[in-house]
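Following: one structure in structure tokens, then a few remarks.
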Amino acid sequence: MTRWPIPQAMKQALEAAQAAAGAGEVPVGAVVVKGDTVIAVAANATRVPPDPTGHAEIRALRDAAAKLGDERLTGCDLYVTLEPCAMCAGAISHARIARLYYAASDPKGGAVEHGTRVFEHKQCLHRPEVYAGMGEEEAAKLLRTFFKDRR
């Protein structure tokens with residue numbers, strides 16, 4: 001497997017994931033970028049406050065939409081440390097994200113290359129370009145360590 005160079009935005013997502021782990025959250029981070037400008041950085045926050053939709057991707061998309069004043073994030077890219085779940089993939093589609101970059105695959109809960117494969121459904125309104133594997137080793141290590149420490 002080819003090792004991708006890790007773009008700065010993915011490094012920021014990995015830093016956000018590390019911060020989430022430090023707060024007792026599953027270590028996932030997300031960054032929305034438009035051109036060369038970082039619009040939003042977010043980490044998982046489902047425990048405090050209790051919010052089942054507090055995934056890093058959802059939080060980053062919300063912040064970016066608020067900052068840009070538009071629910072459509074046309075021309076924006078999303079970097080995330082873990083393959084998005086079905087909820088997040090649906091939000092990515094609705095937000096009209098141009099390109100999705102994710103680090104680690106998620107055979108259990110992912111919905112891009114695994115599970116429901118949201119972007120492959122004919123009902124999917126918008127399909128971003130998808131790139132996987134940038135920062136995969138780093139993201140997978142964060143997740144393994146986080147769950148190992150809790151067993």
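Identifiers for the structure tokens are assigned positionally: chains receive A, B, ... in sequence, residues are indexed from 1 per chain, and ligands are indexed from 1 in the order shown.
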Which of range 37-124 of chain A fall in strand (DSSP E or B), as a list in words:
Thr37, Val38, Ile39, Ala40, Val41, Ala42, Ala43, Cys76, Asp77, Leu78, Tyr79, Val80, Thr81, Leu82, Arg99, Leu100, Tyr101, Tyr102, Ala103 and Ala104 of chain A
Write the residues of the selection above to a file with all heavy atoms, as a short mmCIF file (atom, residue, chain, number, x, y, z; two decimals), in the first residue's frame.
```
data_model
loop_
_atom_site.label_atom_id
_atom_site.label_comp_id
_atom_site.auth_asym_id
_atom_site.auth_seq_id
_atom_site.Cartn_x
_atom_site.Cartn_y
_atom_site.Cartn_z
N THR A 37 -7.79 28.01 2.89
CA THR A 37 -8.26 28.54 4.17
C THR A 37 -8.99 27.48 4.98
O THR A 37 -9.94 26.86 4.50
CB THR A 37 -9.20 29.74 3.94
OG1 THR A 37 -8.50 30.71 3.15
CG2 THR A 37 -9.64 30.35 5.24
N VAL A 38 -8.57 27.30 6.22
CA VAL A 38 -9.28 26.42 7.14
C VAL A 38 -10.51 27.18 7.64
O VAL A 38 -10.38 28.27 8.19
CB VAL A 38 -8.38 25.99 8.31
CG1 VAL A 38 -9.18 25.24 9.37
CG2 VAL A 38 -7.22 25.13 7.81
N ILE A 39 -11.66 26.58 7.43
CA ILE A 39 -12.92 27.21 7.83
C ILE A 39 -13.36 26.74 9.21
O ILE A 39 -13.87 27.52 10.01
CB ILE A 39 -14.05 26.92 6.80
CG1 ILE A 39 -13.61 27.30 5.38
CG2 ILE A 39 -15.36 27.59 7.19
CD1 ILE A 39 -13.31 28.76 5.19
N ALA A 40 -13.19 25.43 9.49
CA ALA A 40 -13.64 24.87 10.76
C ALA A 40 -12.80 23.66 11.13
O ALA A 40 -12.41 22.88 10.26
CB ALA A 40 -15.11 24.48 10.67
N VAL A 41 -12.57 23.50 12.43
CA VAL A 41 -11.89 22.33 13.00
C VAL A 41 -12.76 21.85 14.14
O VAL A 41 -13.20 22.65 14.97
CB VAL A 41 -10.49 22.70 13.54
CG1 VAL A 41 -9.82 21.48 14.15
CG2 VAL A 41 -9.61 23.31 12.45
N ALA A 42 -13.02 20.54 14.18
CA ALA A 42 -13.86 20.01 15.25
C ALA A 42 -13.42 18.60 15.62
O ALA A 42 -12.78 17.90 14.83
CB ALA A 42 -15.33 19.99 14.81
N ALA A 43 -13.78 18.21 16.83
CA ALA A 43 -13.52 16.87 17.33
C ALA A 43 -14.83 16.26 17.80
O ALA A 43 -15.81 16.98 18.03
CB ALA A 43 -12.53 16.93 18.50
N CYS A 76 -15.87 23.39 -0.82
CA CYS A 76 -15.14 23.04 0.40
C CYS A 76 -14.75 21.56 0.39
O CYS A 76 -15.44 20.73 -0.19
CB CYS A 76 -16.00 23.31 1.64
SG CYS A 76 -16.30 25.06 1.97
N ASP A 77 -13.64 21.28 1.07
CA ASP A 77 -13.17 19.91 1.25
C ASP A 77 -13.26 19.57 2.73
O ASP A 77 -13.14 20.46 3.59
CB ASP A 77 -11.72 19.77 0.80
CG ASP A 77 -11.53 20.07 -0.69
OD1 ASP A 77 -12.51 19.90 -1.46
OD2 ASP A 77 -10.42 20.47 -1.06
N LEU A 78 -13.45 18.28 3.02
CA LEU A 78 -13.52 17.81 4.40
C LEU A 78 -12.43 16.77 4.62
O LEU A 78 -12.33 15.81 3.86
CB LEU A 78 -14.89 17.21 4.70
CG LEU A 78 -15.07 16.61 6.09
CD1 LEU A 78 -15.01 17.69 7.17
CD2 LEU A 78 -16.41 15.86 6.18
N TYR A 79 -11.63 16.98 5.66
CA TYR A 79 -10.61 16.03 6.09
C TYR A 79 -11.08 15.45 7.41
O TYR A 79 -11.41 16.20 8.34
CB TYR A 79 -9.27 16.73 6.30
CG TYR A 79 -8.64 17.23 5.03
CD1 TYR A 79 -9.07 18.42 4.43
CD2 TYR A 79 -7.62 16.51 4.41
CE1 TYR A 79 -8.49 18.88 3.26
CE2 TYR A 79 -7.04 16.97 3.23
CZ TYR A 79 -7.48 18.15 2.67
OH TYR A 79 -6.91 18.59 1.49
N VAL A 80 -11.12 14.13 7.51
CA VAL A 80 -11.57 13.48 8.74
C VAL A 80 -10.70 12.26 9.01
O VAL A 80 -10.22 11.61 8.08
CB VAL A 80 -13.09 13.15 8.68
CG1 VAL A 80 -13.39 12.16 7.58
CG2 VAL A 80 -13.61 12.68 10.00
N THR A 81 -10.49 11.97 10.28
CA THR A 81 -9.55 10.91 10.65
C THR A 81 -10.13 9.51 10.54
O THR A 81 -9.37 8.55 10.58
CB THR A 81 -9.01 11.13 12.07
OG1 THR A 81 -10.11 11.15 12.99
CG2 THR A 81 -8.24 12.44 12.14
N LEU A 82 -11.44 9.36 10.41
CA LEU A 82 -12.08 8.05 10.33
C LEU A 82 -13.16 8.08 9.26
O LEU A 82 -13.87 9.09 9.11
CB LEU A 82 -12.69 7.68 11.69
CG LEU A 82 -13.30 6.30 11.83
CD1 LEU A 82 -12.24 5.20 11.68
CD2 LEU A 82 -13.99 6.16 13.19
N ARG A 99 -14.72 17.46 -1.93
CA ARG A 99 -13.81 16.33 -1.76
C ARG A 99 -13.78 15.91 -0.31
O ARG A 99 -13.67 16.75 0.59
CB ARG A 99 -12.39 16.70 -2.23
CG ARG A 99 -12.24 16.72 -3.74
CD ARG A 99 -10.92 17.36 -4.18
NE ARG A 99 -10.88 18.79 -3.91
CZ ARG A 99 -11.48 19.72 -4.67
NH1 ARG A 99 -12.14 19.37 -5.74
NH2 ARG A 99 -11.41 20.99 -4.35
N LEU A 100 -13.85 14.59 -0.09
CA LEU A 100 -13.74 14.00 1.24
C LEU A 100 -12.43 13.24 1.32
O LEU A 100 -12.16 12.38 0.47
CB LEU A 100 -14.91 13.04 1.49
CG LEU A 100 -14.79 12.11 2.69
CD1 LEU A 100 -14.78 12.92 4.00
CD2 LEU A 100 -15.91 11.09 2.69
N TYR A 101 -11.62 13.57 2.31
CA TYR A 101 -10.38 12.87 2.58
C TYR A 101 -10.52 12.23 3.95
O TYR A 101 -10.80 12.94 4.92
CB TYR A 101 -9.19 13.84 2.62
CG TYR A 101 -8.97 14.60 1.34
CD1 TYR A 101 -9.61 15.82 1.11
CD2 TYR A 101 -8.10 14.11 0.35
CE1 TYR A 101 -9.39 16.53 -0.06
CE2 TYR A 101 -7.89 14.82 -0.82
CZ TYR A 101 -8.54 16.02 -1.02
OH TYR A 101 -8.33 16.72 -2.19
N TYR A 102 -10.36 10.92 4.05
CA TYR A 102 -10.37 10.32 5.38
C TYR A 102 -9.17 9.42 5.57
O TYR A 102 -8.66 8.84 4.63
CB TYR A 102 -11.69 9.63 5.71
CG TYR A 102 -12.04 8.41 4.91
CD1 TYR A 102 -11.62 7.15 5.31
CD2 TYR A 102 -12.83 8.51 3.77
CE1 TYR A 102 -11.95 6.02 4.58
CE2 TYR A 102 -13.17 7.39 3.04
CZ TYR A 102 -12.73 6.15 3.46
OH TYR A 102 -13.07 5.04 2.74
N ALA A 103 -8.73 9.31 6.82
CA ALA A 103 -7.51 8.59 7.14
C ALA A 103 -7.77 7.09 7.25
O ALA A 103 -7.37 6.33 6.38
CB ALA A 103 -6.92 9.15 8.43
N ALA A 104 -8.43 6.66 8.30
CA ALA A 104 -8.62 5.24 8.58
C ALA A 104 -9.99 4.75 8.12
O ALA A 104 -10.99 5.45 8.27
CB ALA A 104 -8.46 4.97 10.08
#
```
Within 10 Å of Val28 in chain A, counting only C-alpha atoms, which residues show up once you throw out same-chain ones fewer than 3 positions away? Write them as a tab-separated table (two decimals) with N, CA, C and O atoms, in the first residue's frame, please.
```tsv
chain	number	residue	atom	x	y	z
A	13	ALA	N	-6.69	17.67	11.72
A	13	ALA	CA	-7.75	16.74	12.11
A	13	ALA	C	-7.21	15.72	13.12
A	13	ALA	O	-7.90	15.38	14.09
A	14	LEU	N	-5.98	15.26	12.93
A	14	LEU	CA	-5.36	14.32	13.87
A	14	LEU	C	-5.15	14.98	15.23
A	14	LEU	O	-5.36	14.35	16.27
A	15	GLU	N	-4.77	16.25	15.24
A	15	GLU	CA	-4.62	16.99	16.50
A	15	GLU	C	-5.96	17.11	17.22
A	15	GLU	O	-6.05	16.96	18.44
A	16	ALA	N	-7.03	17.38	16.45
A	16	ALA	CA	-8.37	17.47	17.04
A	16	ALA	C	-8.79	16.10	17.60
A	16	ALA	O	-9.40	16.03	18.67
A	17	ALA	N	-8.45	15.03	16.89
A	17	ALA	CA	-8.76	13.68	17.37
A	17	ALA	C	-8.04	13.39	18.68
A	17	ALA	O	-8.62	12.81	19.61
A	18	GLN	N	-6.79	13.80	18.76
A	18	GLN	CA	-6.02	13.62	20.00
A	18	GLN	C	-6.67	14.38	21.15
A	18	GLN	O	-6.76	13.87	22.26
A	19	ALA	N	-7.13	15.59	20.88
A	19	ALA	CA	-7.82	16.38	21.91
A	19	ALA	C	-9.10	15.69	22.35
A	19	ALA	O	-9.44	15.67	23.54
A	20	ALA	N	-9.82	15.10	21.40
A	20	ALA	CA	-11.04	14.36	21.75
A	20	ALA	C	-10.71	13.21	22.69
A	20	ALA	O	-11.40	13.00	23.69
A	21	ALA	N	-9.66	12.47	22.38
A	21	ALA	CA	-9.25	11.35	23.24
A	21	ALA	C	-8.94	11.85	24.64
A	21	ALA	O	-9.34	11.23	25.64
A	25	GLU	N	-13.48	11.31	24.66
A	25	GLU	CA	-14.31	11.07	23.48
A	25	GLU	C	-13.57	10.15	22.52
A	25	GLU	O	-12.34	10.10	22.51
A	42	ALA	N	-13.02	20.54	14.18
A	42	ALA	CA	-13.86	20.01	15.25
A	42	ALA	C	-13.42	18.60	15.62
A	42	ALA	O	-12.78	17.90	14.83
A	43	ALA	N	-13.78	18.21	16.83
A	43	ALA	CA	-13.52	16.87	17.33
A	43	ALA	C	-14.83	16.26	17.80
A	43	ALA	O	-15.81	16.98	18.03
A	44	ASN	N	-14.84	14.96	17.95
A	44	ASN	CA	-16.02	14.29	18.50
A	44	ASN	C	-16.37	14.89	19.84
A	44	ASN	O	-15.49	15.16	20.67
A	45	ALA	N	-17.65	15.11	20.09
A	45	ALA	CA	-18.15	15.59	21.38
A	45	ALA	C	-19.56	15.04	21.56
A	45	ALA	O	-20.54	15.77	21.43
A	55	HIS	N	-20.74	14.10	16.25
A	55	HIS	CA	-19.57	13.58	15.54
A	55	HIS	C	-18.75	14.74	15.00
A	55	HIS	O	-19.28	15.80	14.67
A	56	ALA	N	-17.45	14.52	14.86
A	56	ALA	CA	-16.54	15.57	14.41
A	56	ALA	C	-16.98	16.17	13.07
A	56	ALA	O	-16.95	17.39	12.89
A	57	GLU	N	-17.40	15.29	12.15
A	57	GLU	CA	-17.81	15.78	10.82
A	57	GLU	C	-19.01	16.71	10.91
A	57	GLU	O	-19.02	17.79	10.31
A	80	VAL	N	-11.12	14.13	7.51
A	80	VAL	CA	-11.57	13.48	8.74
A	80	VAL	C	-10.70	12.26	9.01
A	80	VAL	O	-10.22	11.61	8.08
A	81	THR	N	-10.49	11.97	10.28
A	81	THR	CA	-9.55	10.91	10.65
A	81	THR	C	-10.13	9.51	10.54
A	81	THR	O	-9.37	8.55	10.58
A	82	LEU	N	-11.44	9.36	10.41
A	82	LEU	CA	-12.08	8.05	10.33
A	82	LEU	C	-13.16	8.08	9.26
A	82	LEU	O	-13.87	9.09	9.11
A	83	GLU	N	-13.31	6.98	8.54
A	83	GLU	CA	-14.35	6.85	7.53
A	83	GLU	C	-15.70	7.26	8.13
A	83	GLU	O	-16.11	6.74	9.17
A	84	PRO	N	-16.41	8.19	7.51
A	84	PRO	CA	-17.68	8.66	8.05
A	84	PRO	C	-18.75	7.56	8.12
A	84	PRO	O	-18.83	6.68	7.28
A	139	ALA	N	-4.07	7.71	12.58
A	139	ALA	CA	-5.45	7.69	13.06
A	139	ALA	C	-5.80	6.33	13.66
A	139	ALA	O	-6.43	6.27	14.73
A	142	LEU	N	-4.26	6.00	17.12
A	142	LEU	CA	-5.04	6.75	18.12
A	142	LEU	C	-6.26	5.97	18.57
A	142	LEU	O	-6.55	5.87	19.77
A	143	LEU	N	-6.97	5.40	17.62
A	143	LEU	CA	-8.19	4.64	17.93
A	143	LEU	C	-7.85	3.37	18.71
A	143	LEU	O	-8.52	3.05	19.71
```
Helix (DSSP H, G or I) per DSSP on the backbone: members of range 50-110 of chain A, as a PDB file with C-alpha atoms, in the first residue's frame:
```
ATOM      1  CA  ALA A  56     -16.540  15.571  14.412  1.00  0.00           C
ATOM      2  CA  GLU A  57     -17.807  15.776  10.824  1.00  0.00           C
ATOM      3  CA  ILE A  58     -21.229  17.135  11.824  1.00  0.00           C
ATOM      4  CA  ARG A  59     -19.693  19.672  14.179  1.00  0.00           C
ATOM      5  CA  ALA A  60     -17.189  20.843  11.544  1.00  0.00           C
ATOM      6  CA  LEU A  61     -19.916  21.129   8.886  1.00  0.00           C
ATOM      7  CA  ARG A  62     -22.130  23.145  11.270  1.00  0.00           C
ATOM      8  CA  ASP A  63     -19.286  25.500  12.168  1.00  0.00           C
ATOM      9  CA  ALA A  64     -18.300  25.965   8.518  1.00  0.00           C
ATOM     10  CA  ALA A  65     -21.892  26.660   7.463  1.00  0.00           C
ATOM     11  CA  ALA A  66     -22.252  29.242  10.234  1.00  0.00           C
ATOM     12  CA  LYS A  67     -18.966  30.953   9.321  1.00  0.00           C
ATOM     13  CA  LEU A  68     -19.750  31.009   5.591  1.00  0.00           C
ATOM     14  CA  ALA A  86     -24.087   6.911   7.476  1.00  0.00           C
ATOM     15  CA  MET A  87     -25.271  10.020   9.369  1.00  0.00           C
ATOM     16  CA  CYS A  88     -22.096  11.933   8.555  1.00  0.00           C
ATOM     17  CA  ALA A  89     -21.966  10.729   4.938  1.00  0.00           C
ATOM     18  CA  GLY A  90     -25.539  11.976   4.480  1.00  0.00           C
ATOM     19  CA  ALA A  91     -24.609  15.358   5.950  1.00  0.00           C
ATOM     20  CA  ILE A  92     -21.526  15.535   3.700  1.00  0.00           C
ATOM     21  CA  SER A  93     -23.756  14.933   0.685  1.00  0.00           C
ATOM     22  CA  HIS A  94     -26.327  17.538   1.760  1.00  0.00           C
ATOM     23  CA  ALA A  95     -23.566  20.077   2.443  1.00  0.00           C
TER      24      ALA A  95
END
```
Grab the CA of Val26 in chain A to CA of Phe147 in chain A distance for me, in Å with one decimal place.
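So the answer is 8.3 Å.
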Could you jot down the CA of Val130 in chain A to CA of Gln12 in chain A separation for me, Å, one decimal place?
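The value is 18.7 Å.
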Between CA of Pro7 in chain A and CA of Met134 in chain A, what is the distance, to one decimal in Å?
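Between CA of Pro7 in chain A and CA of Met134 in chain A the gap works out to 7.7 Å.
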Between A:Ala132, A:Glu138, A:His126, A:Pro107, which residue has the minimum interatomic distance to Lys11 in chain A, considering only C-alpha atoms?
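Counting only C-alpha atoms, the residue closest to Lys11 in chain A is A:Glu138.
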